[in-house]
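What follows is a single structure, written as structure tokens, with notes after it.
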Amino acid sequence: MSAKPFDKSKLPSRHVTEGPSRAPHRSYYYAMGLTEEQIHRPFVGVVSCWNEAAPCNIALMRQAQSAKAGVDEGGGTPREFCTITVTDGIAMGHQGMKSSLVSREVIADSIEVTMRGHCYDAMVGLAGCDKSLPGIMMAMLRLNVPSVFMYGGSILPGTYKGKDVTVQDVFEGVGMHSAGRMSEEELHALECVACPSAGSCGGQFTANTMACVSEAIGLALPGSAGAPAPYESRDHYGVESGKAVMRLIAENIRPRDICTRKAFENAATIVAATGGSTNAALHLPAMAHEMGLEFDLFDVAEIFKRTPYIADLKPGGKYIAKDVYDIGGVPQILRALLDGGFLHGDCITVSGKTMAENLAGVEFNTDQKVVYPVSNPITQTGGVVGLRGSLAPDGAIVKVAGMTNLQFRGPARCFDCEEDAFQAVEDRAYKEGEVIVIRYEGPKGGPGMREMLSTTAALYGQGVGDQMALITDGRFSGATRGFCIGHVGPEAAVGGPIALVQDGDMIAIDAATGSLEIEVDAAELERRRKAWSPPANPYQSGALRKYAEQVGPASKGAVTHAGGKAEVTCYADI
């Protein structure tokens with residue numbers, strides 16, 4: 001379908017397609033079957049994180065073909081490429097998890113260098129697993145070319161003994177098995193049915209949380225985050241995303257025009273309202289950093305504090321992503337928040353319309369129990385809470401969705417890595433009422449800031465999840481539930497107070513007031529500090545060494561470069 005010609009005189013691809021000096025470059029495009037007319041169209045990078053590592057990613061190539069068709073229909077020339085993904089469900093509970101957060105930076109960096117190297121004018125990005133969503137959105141904000149994000153969709157629920165199950169149930173089943181509450185045969189039967197299709201983990205874990213963010217922040221088309229991965233309607237959204245990016249080129253609407261301070265506030269609001277993953281408090285500051293916007297953990301926490309929790313989603317609630325889709329998708333959540341005055345409706349989005357305009361035709365569905373109106377929330381404050389205190393001067397975060405008791409006080413039991421903590425839980429070498437401390441797992445100390453789902457899920461599987469607390473300078477999976485506090489800063493590797501905790505120290509947590517305190521006087525902590533020395537980093541080569549040297553604190557997003565504030569020339573303007 002022929003579309004109105006675009007003026008390439010100010011687009012990056014003019015450097016590889018226009019004028020006699022670019023004849024060698026054009027010869028490569030002829031070699032790939034492009035026509036002369038296609039060569040002189042805008043070039044749109046269509047990037048996906050397709051791979052065969054896990055079900056989150058295997059539907060992305062199919063959806064990328066739909067996005068390419070939309071780009072072509074809109075008058076552009078799509079250029080498909082792939083980047084990596086490390087899938088947390090596979091990496092969880094062992095050394096592989098050190099690669100997970102690192103992969104976010106590799107994804108953003110690899111997209112940047114591919115787009116720069118080939119002078120693409122715009123971008124459609126498709127992502128499935130946890131770190132690929134923020135990684136792609138970070139690249140969009142870094143490059144600032146017209147961009148549309150599209151989620152690959154969630155997995156369908158499994159069924160076990162007549163109930164919907166997700167991979168979270170399998171992780172908790174490991175703990176149940178170790179406690180003698182589930183046989184090996186039952187655990188095997190559960191693992192065989194928990195993940196029945198392509199798509200990302202079905203609860204409001206990190207992938208679905210960041211998918212909600214993509215719509216709330218305005219980088220994804222309305223409704224595109226909802227349909228499960230196997231549904232053919234995802235292909236319709238792929239086509240529409242490709243067409244949308246061409247309209248953005250024509251109107252010169254860029255990601256930094258869309259992702260304003262207000263848009264980031266909308267994004268944090270939907271995280272809190274859905275009881276989303278605490279990892280969003282890491283990814284939103286990292287995305288803001290790409291465009292030079294100050295939006296750290298404490299900015300996120302302020303919004304969490306004033307936002308009602310309205311979506312009854314796993315792991316703290318009853319429902320999963322497919323249930324949200326069945327009642328109208330993410331626009332239902334956004335409609336409820338806008339009606340309640342918790343969203344900025346004037347933010348522009350990739351549809352070319354404002355948030356309020358996108359939602360004008362959406363009527364809140366009152367015949368369902370998944371999403372509550374803000375006039376009758378599950379709780380008055382958000383499902384995620386920021387903490388600060390003598391144990392975490394630079395902040396920490398906890399998901400409180402589904403919890404009834406927001407205070408905890410108990411003696412510390414300290415571990416210097418996740419494996420030791422998990423083994424202690426497996427061996428039941430702990431006492432109920434203790435606070436398990438896992439340290440040297442932060443961005444630098446890990447390195448890589450591992451998630452601790454295996455340990456927390458095992459505690460719940462053993463039936464003691466509500467009687468324990470767990471604190472770490474690492475992260476927690478979006479599937480984690482209970483009093484599990486992550487992102488404690490400063491981290492242990494740089495001498496934060498968490499490095500000074502000793503077995504038996506009393507730790508007091510108050511998620512209602514937002515405090516995290518160690519009940520040890522300042523003089524004693526100072527004495528311990530003088531005797532402390534950092535452990536050596538065992539990773540002295542490769543990507544983990546580079547990451548440990550470059551990464552900043554979790555409260556600022558655990559980023560590895562100077563960001564938009566230091567930018568001299570924006571790629572989109574070359």
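In the structure tokens, the first chain shown is A, the next is B, and so on; residue numbers restart at 1 for each chain, and ligands run from 1 in the order shown.
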Per-residue nearest contacts of stretch 181-276 of chain A to stretch 385-390 of chain A (12 Å; only C-alpha atoms) as a Markdown table:
```
| residue | atom | partner | partner_atom | distance |
| --- | --- | --- | --- | --- |
| A:Ala268 | CA | A:Val385 | CA | 11.4 |
| A:Thr269 | CA | A:Val385 | CA | 11.9 |
| A:Val271 | CA | A:Val385 | CA | 10.7 |
| A:Ala272 | CA | A:Val385 | CA | 8.2 |
| A:Ala273 | CA | A:Val385 | CA | 11.4 |
| A:Gly275 | CA | A:Val385 | CA | 9.8 |
| A:Gly276 | CA | A:Val385 | CA | 10.7 |
```
Residues of stretch 269-373 of chain A that approach stretch 147-155 of chain A to 9 Å or less, counting only C-alpha atoms: could you list each one with the shortest pair of atoms and its distance in Å to one decimal, rows by chain and increasing residue number, as a tab-separated table?
```
residue	atom	partner	partner_atom	distance
A:Ala321	CA	A:Ser154	CA	6.7
A:Lys322	CA	A:Ser154	CA	7.3
A:Val350	CA	A:Val148	CA	6.5
```
Selected residues, N, CA and C atoms, written as a compact mmCIF listing (two decimals), in the first residue's frame, please.
```
# COMPACT_ATOMS: atom_id res chain seq x y z
N ALA A 321 -3.30 -11.96 34.93
CA ALA A 321 -3.39 -11.01 33.81
C ALA A 321 -4.54 -11.36 32.86
N LYS A 322 -4.77 -12.62 32.60
CA LYS A 322 -5.86 -12.98 31.70
C LYS A 322 -7.21 -12.51 32.24
N VAL A 350 1.34 7.48 22.52
CA VAL A 350 1.72 7.11 21.15
C VAL A 350 0.53 7.02 20.21
```
Please report, as an mmCIF file with C-alpha atoms, in the first residue's frame, each residue of stretch 312-556 of chain A to which DSSP assigns helix (DSSP H, G or I) when run on this structure's backbone.
```
data_model
loop_
_atom_site.group_PDB
_atom_site.id
_atom_site.type_symbol
_atom_site.label_atom_id
_atom_site.label_comp_id
_atom_site.auth_asym_id
_atom_site.auth_seq_id
_atom_site.Cartn_x
_atom_site.Cartn_y
_atom_site.Cartn_z
ATOM 1 C CA ALA A 321 -3.389 -11.015 33.808
ATOM 2 C CA LYS A 322 -5.865 -12.985 31.700
ATOM 3 C CA ASP A 323 -8.615 -12.038 34.153
ATOM 4 C CA VAL A 324 -7.753 -8.360 33.632
ATOM 5 C CA TYR A 325 -7.949 -8.890 29.871
ATOM 6 C CA ASP A 326 -11.317 -10.622 30.205
ATOM 7 C CA VAL A 330 -5.431 -2.246 31.395
ATOM 8 C CA PRO A 331 -7.769 0.578 30.240
ATOM 9 C CA GLN A 332 -10.188 -0.588 32.968
ATOM 10 C CA ILE A 333 -7.548 0.093 35.621
ATOM 11 C CA LEU A 334 -6.634 3.420 34.036
ATOM 12 C CA ARG A 335 -10.316 4.400 33.784
ATOM 13 C CA ALA A 336 -10.830 3.727 37.500
ATOM 14 C CA LEU A 337 -7.734 5.763 38.394
ATOM 15 C CA LEU A 338 -8.664 8.650 36.097
ATOM 16 C CA ASP A 339 -12.206 8.759 37.476
ATOM 17 C CA MET A 355 -4.617 9.685 28.184
ATOM 18 C CA ALA A 356 -8.063 11.156 28.837
ATOM 19 C CA GLU A 357 -8.912 11.019 25.124
ATOM 20 C CA ASN A 358 -7.797 7.389 24.935
ATOM 21 C CA GLU A 418 21.374 -16.194 48.720
ATOM 22 C CA GLU A 419 22.546 -19.798 48.445
ATOM 23 C CA ASP A 420 23.381 -19.949 52.169
ATOM 24 C CA ALA A 421 20.016 -18.483 53.086
ATOM 25 C CA PHE A 422 18.116 -20.886 50.830
ATOM 26 C CA GLN A 423 19.983 -23.862 52.265
ATOM 27 C CA ALA A 424 19.134 -22.740 55.794
ATOM 28 C CA VAL A 425 15.475 -22.502 54.823
ATOM 29 C CA GLU A 426 15.589 -25.921 53.148
ATOM 30 C CA LEU A 453 12.082 -15.772 44.951
ATOM 31 C CA SER A 454 13.427 -19.258 45.647
ATOM 32 C CA THR A 455 14.027 -18.395 49.306
ATOM 33 C CA THR A 456 10.823 -16.465 49.923
ATOM 34 C CA ALA A 457 8.680 -19.002 48.092
ATOM 35 C CA ALA A 458 10.244 -21.817 50.115
ATOM 36 C CA LEU A 459 9.278 -20.053 53.358
ATOM 37 C CA TYR A 460 5.677 -19.778 52.177
ATOM 38 C CA GLY A 461 5.722 -23.357 51.022
ATOM 39 C CA GLY A 465 5.845 -16.927 55.302
ATOM 40 C CA ASP A 466 3.641 -14.797 57.539
ATOM 41 C CA GLN A 467 5.854 -15.423 60.585
ATOM 42 C CA ALA A 492 26.556 -3.980 51.900
ATOM 43 C CA ALA A 493 29.371 -3.940 49.336
ATOM 44 C CA VAL A 494 29.859 -0.197 49.814
ATOM 45 C CA PRO A 497 24.380 -0.447 57.526
ATOM 46 C CA ILE A 498 23.126 -3.818 56.260
ATOM 47 C CA ALA A 499 26.787 -4.914 56.185
ATOM 48 C CA LEU A 500 27.056 -4.231 59.929
ATOM 49 C CA ALA A 522 25.192 4.582 66.694
ATOM 50 C CA ALA A 523 28.409 4.117 68.682
ATOM 51 C CA GLU A 524 28.235 0.329 68.337
ATOM 52 C CA LEU A 525 27.537 0.582 64.618
ATOM 53 C CA GLU A 526 30.515 2.887 64.234
ATOM 54 C CA ARG A 527 32.712 0.391 66.113
ATOM 55 C CA ARG A 528 31.594 -2.347 63.739
ATOM 56 C CA ARG A 529 32.185 -0.117 60.735
ATOM 57 C CA LYS A 530 35.838 0.418 61.681
ATOM 58 C CA ALA A 531 36.326 -3.342 61.850
ATOM 59 C CA GLY A 542 33.776 -10.114 31.511
ATOM 60 C CA ALA A 543 30.386 -8.443 31.721
ATOM 61 C CA LEU A 544 29.899 -8.882 35.462
ATOM 62 C CA ARG A 545 33.227 -7.162 36.193
ATOM 63 C CA LYS A 546 32.297 -4.224 33.946
ATOM 64 C CA TYR A 547 28.855 -4.003 35.515
ATOM 65 C CA ALA A 548 30.210 -4.002 39.087
ATOM 66 C CA GLU A 549 32.614 -1.204 38.215
ATOM 67 C CA GLN A 550 30.033 0.990 36.493
ATOM 68 C CA ALA A 554 19.505 0.934 43.412
ATOM 69 C CA SER A 555 17.703 4.073 44.587
ATOM 70 C CA LYS A 556 18.731 5.774 41.322
#
```
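Look at A:Gly203: the protein and nucleic acid residues within 7 Å of it, using only C-alpha atoms and passing over chain neighbours fewer than 3 places away, are Leu313, Lys314, Pro315, Ile320 and Ala321 of chain A.
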Non-local contacts of A:Asp416 (9 Å; only C-alpha atoms; under 6 positions in same chain excluded) as a short mmCIF file (atom, residue, chain, number, x, y, z; two decimals) with N, CA and C atoms, in the first residue's frame:
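Saved the output as around.cif:
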```cif
data_model
loop_
_atom_site.label_atom_id
_atom_site.label_comp_id
_atom_site.auth_asym_id
_atom_site.auth_seq_id
_atom_site.Cartn_x
_atom_site.Cartn_y
_atom_site.Cartn_z
N VAL A 437 18.36 -11.84 56.91
CA VAL A 437 19.09 -10.77 56.21
C VAL A 437 20.00 -11.42 55.18
N ILE A 438 19.81 -11.08 53.92
CA ILE A 438 20.69 -11.57 52.84
C ILE A 438 21.40 -10.36 52.25
N ARG A 439 22.70 -10.33 52.35
CA ARG A 439 23.45 -9.15 51.92
C ARG A 439 24.56 -9.52 50.95
N TYR A 440 25.27 -8.49 50.49
CA TYR A 440 26.26 -8.62 49.42
C TYR A 440 25.62 -9.18 48.14
N GLU A 441 24.35 -8.84 47.94
CA GLU A 441 23.62 -9.22 46.73
C GLU A 441 23.11 -7.99 45.99
N ALA A 499 25.54 -4.15 56.04
CA ALA A 499 26.79 -4.91 56.19
C ALA A 499 27.18 -5.08 57.64
#
```
Minimum-distance residue to A:Ser48, chosen among A:Asp367, A:Ala31, A:Ile136, A:Ser100 (using only C-alpha atoms)
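When distances to A:Ser48 are compared using only C-alpha atoms, the smallest one comes from A:Ile136.
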Taking only C-alpha atoms into account, name the residue in A:Asp130, A:Asp169, A:Glu491, A:Glu105 that is nearest to A:Ala280.
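Comparing A:Asp130, A:Asp169, A:Glu491, A:Glu105 against A:Ala280, the winner is A:Asp130.
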For A:Val370: contacts at 7 Å, only C-alpha atoms, fewer than 4 positions along chain excluded, given as an MDAnalysis selection string:
chainID A and resid 311:312 319 324
Take the residues from that selection and put them in a file with all heavy atoms, as a compact mmCIF listing (two decimals), in the first residue's frame.
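Result saved to selection.txt:
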```txt
# COMPACT_ATOMS: atom_id res chain seq x y z
N ALA A 311 -6.51 -3.40 42.29
CA ALA A 311 -6.55 -4.58 41.42
C ALA A 311 -6.14 -5.81 42.22
O ALA A 311 -5.02 -5.90 42.71
CB ALA A 311 -5.64 -4.38 40.21
N ASP A 312 -7.04 -6.77 42.33
CA ASP A 312 -6.86 -7.93 43.20
C ASP A 312 -6.10 -9.03 42.46
O ASP A 312 -6.66 -10.05 42.07
CB ASP A 312 -8.25 -8.42 43.65
CG ASP A 312 -8.17 -9.44 44.77
OD1 ASP A 312 -7.08 -9.58 45.37
OD2 ASP A 312 -9.19 -10.10 45.05
N TYR A 319 -6.39 -12.93 41.30
CA TYR A 319 -6.55 -13.02 39.86
C TYR A 319 -5.22 -12.84 39.12
O TYR A 319 -4.21 -12.47 39.71
CB TYR A 319 -7.58 -11.99 39.39
CG TYR A 319 -8.94 -12.20 40.01
CD1 TYR A 319 -9.36 -11.39 41.08
CD2 TYR A 319 -9.78 -13.20 39.56
CE1 TYR A 319 -10.60 -11.59 41.68
CE2 TYR A 319 -11.02 -13.40 40.15
CZ TYR A 319 -11.43 -12.60 41.21
OH TYR A 319 -12.64 -12.81 41.79
N VAL A 324 -7.68 -9.79 33.95
CA VAL A 324 -7.75 -8.36 33.63
C VAL A 324 -8.18 -8.18 32.18
O VAL A 324 -9.04 -7.36 31.86
CB VAL A 324 -6.40 -7.66 33.89
CG1 VAL A 324 -6.45 -6.21 33.46
CG2 VAL A 324 -6.03 -7.75 35.37
```
Quick one, how far is atom CA of A:Ala396 from atom CA of A:Gln95?
23.3 Å
Would you return as a VMD selection string the members of stretch 245-482 of chain A that DSSP assigns to strand (DSSP E) on this structure's backbone?
chain A and resid 384 to 389 392 to 399 407 to 415 435 to 438 469 to 472
Include C-alpha atoms and write out the residues we just selected as a CSV table (one decimal), in the first residue's frame.
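Output saved as selection-v4.csv:
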```csv
chain,number,residue,atom,x,y,z
A,384,VAL,CA,3.9,-1.2,47.2
A,385,VAL,CA,5.6,0.9,50.0
A,386,GLY,CA,9.0,2.7,50.2
A,387,LEU,CA,10.9,2.5,53.5
A,388,ARG,CA,13.7,4.5,55.1
A,389,GLY,CA,15.6,4.4,58.4
A,392,ALA,CA,18.3,1.8,54.9
A,393,PRO,CA,19.3,5.5,54.8
A,394,ASP,CA,19.1,5.4,51.0
A,395,GLY,CA,15.8,3.6,51.0
A,396,ALA,CA,14.2,0.2,50.5
A,397,ILE,CA,11.0,-1.1,49.2
A,398,VAL,CA,8.3,-3.7,50.1
A,399,LYS,CA,5.2,-5.1,48.4
A,407,GLN,CA,4.6,-4.1,61.3
A,408,PHE,CA,7.2,-6.7,62.2
A,409,ARG,CA,10.0,-6.8,64.7
A,410,GLY,CA,12.4,-9.6,65.3
A,411,PRO,CA,16.1,-10.7,65.7
A,412,ALA,CA,18.3,-10.9,62.6
A,413,ARG,CA,19.7,-14.0,61.1
A,414,CYS,CA,22.4,-13.0,58.6
A,415,PHE,CA,23.6,-14.6,55.4
A,435,VAL,CA,14.3,-11.5,60.2
A,436,ILE,CA,16.5,-13.2,57.6
A,437,VAL,CA,19.1,-10.8,56.2
A,438,ILE,CA,20.7,-11.6,52.8
A,469,ALA,CA,10.6,-11.2,57.4
A,470,LEU,CA,13.4,-11.1,54.8
A,471,ILE,CA,15.6,-8.1,54.1
A,472,THR,CA,18.2,-7.8,51.3
```
Proximity to A:Asp510 - best of A:Met176, A:Leu248, A:Val44, A:Ile485, only C-alpha atoms
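The shortest atom-to-atom distance to A:Asp510 comes from A:Ile485.
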Who sits within 10 Å of A:Ser110, only C-alpha atoms, same chain under 3 positions skipped, as a list in words
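Counting only C-alpha atoms, the residues come to Cys82, Thr83, Ile84, Arg104, Glu105, Val106, Ile107, Val113, Thr114, Met115, Arg116, Gly135, Ile136 and Ala139 of chain A.
Between A:Gly361 and the residues A:Gly402, A:Gly448, A:Gly328, A:Gly564, the shortest atom-to-atom distance, using only C-alpha atoms, involves A:Gly328.
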How many Å separate atom CA of A:Ala301 from atom CA of A:Lys369?
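Taking atom CA of A:Ala301 as the start and atom CA of A:Lys369 as the end point, the length is 26.9 Å.
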Just the number, please: distance in Å from atom CA of A:Pro447 to atom CA of A:Ser99, one decimal.
8.6 Å
Identify which of the residues A:Pro146, A:Gly202, A:Pro55, A:Gly563 lies closest to A:Gly158, counting only C-alpha atoms when measuring atom-to-atom distances.
A:Gly202
Write out as a ChimeraX atom specification the residues lying within 9 Å of A:Gln63, counting only C-alpha atoms and excluding same-chain residues fewer than 2 positions away.
/A:48,59-61,65-68,126,152,234-239
Please, could you write that set of residues out with all heavy atoms as a compact mmCIF listing (two decimals), in the first residue's frame?
```txt
# COMPACT_ATOMS: atom_id res chain seq x y z
N SER A 48 12.84 -7.24 18.66
CA SER A 48 12.19 -8.10 19.65
C SER A 48 13.25 -8.85 20.44
O SER A 48 14.42 -8.95 20.02
CB SER A 48 11.25 -9.10 18.98
OG SER A 48 11.96 -10.19 18.42
N ALA A 59 6.75 -16.13 21.33
CA ALA A 59 5.72 -15.59 20.44
C ALA A 59 6.12 -14.24 19.83
O ALA A 59 5.38 -13.68 19.03
CB ALA A 59 4.40 -15.44 21.19
N LEU A 60 7.29 -13.74 20.20
CA LEU A 60 7.64 -12.38 19.80
C LEU A 60 7.97 -12.26 18.32
O LEU A 60 7.67 -11.23 17.69
CB LEU A 60 8.82 -11.87 20.64
CG LEU A 60 8.54 -11.71 22.14
CD1 LEU A 60 9.81 -11.29 22.87
CD2 LEU A 60 7.43 -10.70 22.38
N MET A 61 8.57 -13.28 17.73
CA MET A 61 8.91 -13.18 16.31
C MET A 61 7.64 -13.10 15.47
O MET A 61 7.57 -12.33 14.50
CB MET A 61 9.77 -14.36 15.88
CG MET A 61 10.28 -14.23 14.45
SD MET A 61 11.35 -15.57 13.94
CE MET A 61 12.85 -15.18 14.85
N GLN A 65 6.43 -9.79 12.99
CA GLN A 65 6.03 -9.78 11.58
C GLN A 65 4.79 -8.90 11.38
O GLN A 65 4.65 -8.21 10.36
CB GLN A 65 5.75 -11.20 11.08
CG GLN A 65 6.87 -12.20 11.30
CD GLN A 65 8.25 -11.66 10.98
OE1 GLN A 65 8.49 -11.18 9.88
NE2 GLN A 65 9.14 -11.70 11.96
N SER A 66 3.89 -8.93 12.35
CA SER A 66 2.70 -8.08 12.28
C SER A 66 3.08 -6.60 12.36
O SER A 66 2.55 -5.77 11.63
CB SER A 66 1.73 -8.44 13.40
OG SER A 66 1.34 -9.79 13.32
N ALA A 67 4.01 -6.30 13.28
CA ALA A 67 4.47 -4.90 13.39
C ALA A 67 5.11 -4.44 12.09
O ALA A 67 4.92 -3.30 11.65
CB ALA A 67 5.43 -4.76 14.56
N LYS A 68 5.89 -5.30 11.45
CA LYS A 68 6.52 -4.96 10.17
C LYS A 68 5.47 -4.66 9.10
O LYS A 68 5.62 -3.72 8.32
CB LYS A 68 7.44 -6.09 9.73
CG LYS A 68 8.70 -6.23 10.57
CD LYS A 68 9.43 -7.54 10.31
CE LYS A 68 9.98 -7.63 8.92
NZ LYS A 68 10.72 -8.91 8.72
N LEU A 126 9.34 -4.99 20.90
CA LEU A 126 8.47 -6.04 21.46
C LEU A 126 9.24 -6.82 22.51
O LEU A 126 10.35 -7.30 22.25
CB LEU A 126 7.99 -6.98 20.36
CG LEU A 126 7.20 -6.35 19.20
CD1 LEU A 126 8.13 -6.06 18.02
CD2 LEU A 126 6.08 -7.27 18.76
N GLY A 152 4.58 -8.64 24.61
CA GLY A 152 4.29 -9.88 23.92
C GLY A 152 3.12 -10.66 24.49
O GLY A 152 2.63 -11.60 23.85
N ARG A 234 -3.26 -10.25 19.37
CA ARG A 234 -1.96 -9.60 19.56
C ARG A 234 -1.39 -9.18 18.21
O ARG A 234 -0.68 -8.19 18.11
CB ARG A 234 -0.98 -10.53 20.27
CG ARG A 234 -1.38 -10.91 21.69
CD ARG A 234 -0.20 -10.86 22.63
NE ARG A 234 0.38 -9.52 22.67
CZ ARG A 234 -0.07 -8.52 23.42
NH1 ARG A 234 -1.12 -8.69 24.19
NH2 ARG A 234 0.51 -7.34 23.39
N ASP A 235 -1.66 -9.96 17.17
CA ASP A 235 -1.15 -9.62 15.85
C ASP A 235 -1.81 -8.34 15.33
O ASP A 235 -1.17 -7.53 14.64
CB ASP A 235 -1.38 -10.77 14.88
CG ASP A 235 -0.65 -12.04 15.32
OD1 ASP A 235 0.48 -11.91 15.83
OD2 ASP A 235 -1.21 -13.13 15.19
N HIS A 236 -3.08 -8.13 15.68
CA HIS A 236 -3.75 -6.87 15.32
C HIS A 236 -3.03 -5.70 15.97
O HIS A 236 -2.79 -4.68 15.32
CB HIS A 236 -5.21 -6.92 15.77
CG HIS A 236 -5.87 -5.57 15.82
ND1 HIS A 236 -6.26 -4.89 14.68
CD2 HIS A 236 -6.19 -4.77 16.87
CE1 HIS A 236 -6.80 -3.73 15.04
NE2 HIS A 236 -6.76 -3.63 16.35
N TYR A 237 -2.68 -5.85 17.26
CA TYR A 237 -1.96 -4.76 17.92
C TYR A 237 -0.58 -4.55 17.33
O TYR A 237 -0.06 -3.43 17.31
CB TYR A 237 -1.87 -5.04 19.43
CG TYR A 237 -3.12 -4.66 20.18
CD1 TYR A 237 -3.93 -5.64 20.75
CD2 TYR A 237 -3.51 -3.33 20.29
CE1 TYR A 237 -5.10 -5.29 21.44
CE2 TYR A 237 -4.66 -2.98 20.97
CZ TYR A 237 -5.45 -3.96 21.54
OH TYR A 237 -6.59 -3.61 22.21
N GLY A 238 0.03 -5.63 16.82
CA GLY A 238 1.32 -5.47 16.15
C GLY A 238 1.20 -4.59 14.91
O GLY A 238 1.99 -3.67 14.70
N VAL A 239 0.20 -4.89 14.08
CA VAL A 239 -0.04 -4.07 12.89
C VAL A 239 -0.30 -2.62 13.27
O VAL A 239 0.28 -1.68 12.69
CB VAL A 239 -1.23 -4.64 12.07
CG1 VAL A 239 -1.60 -3.67 10.94
CG2 VAL A 239 -0.89 -6.02 11.51
```
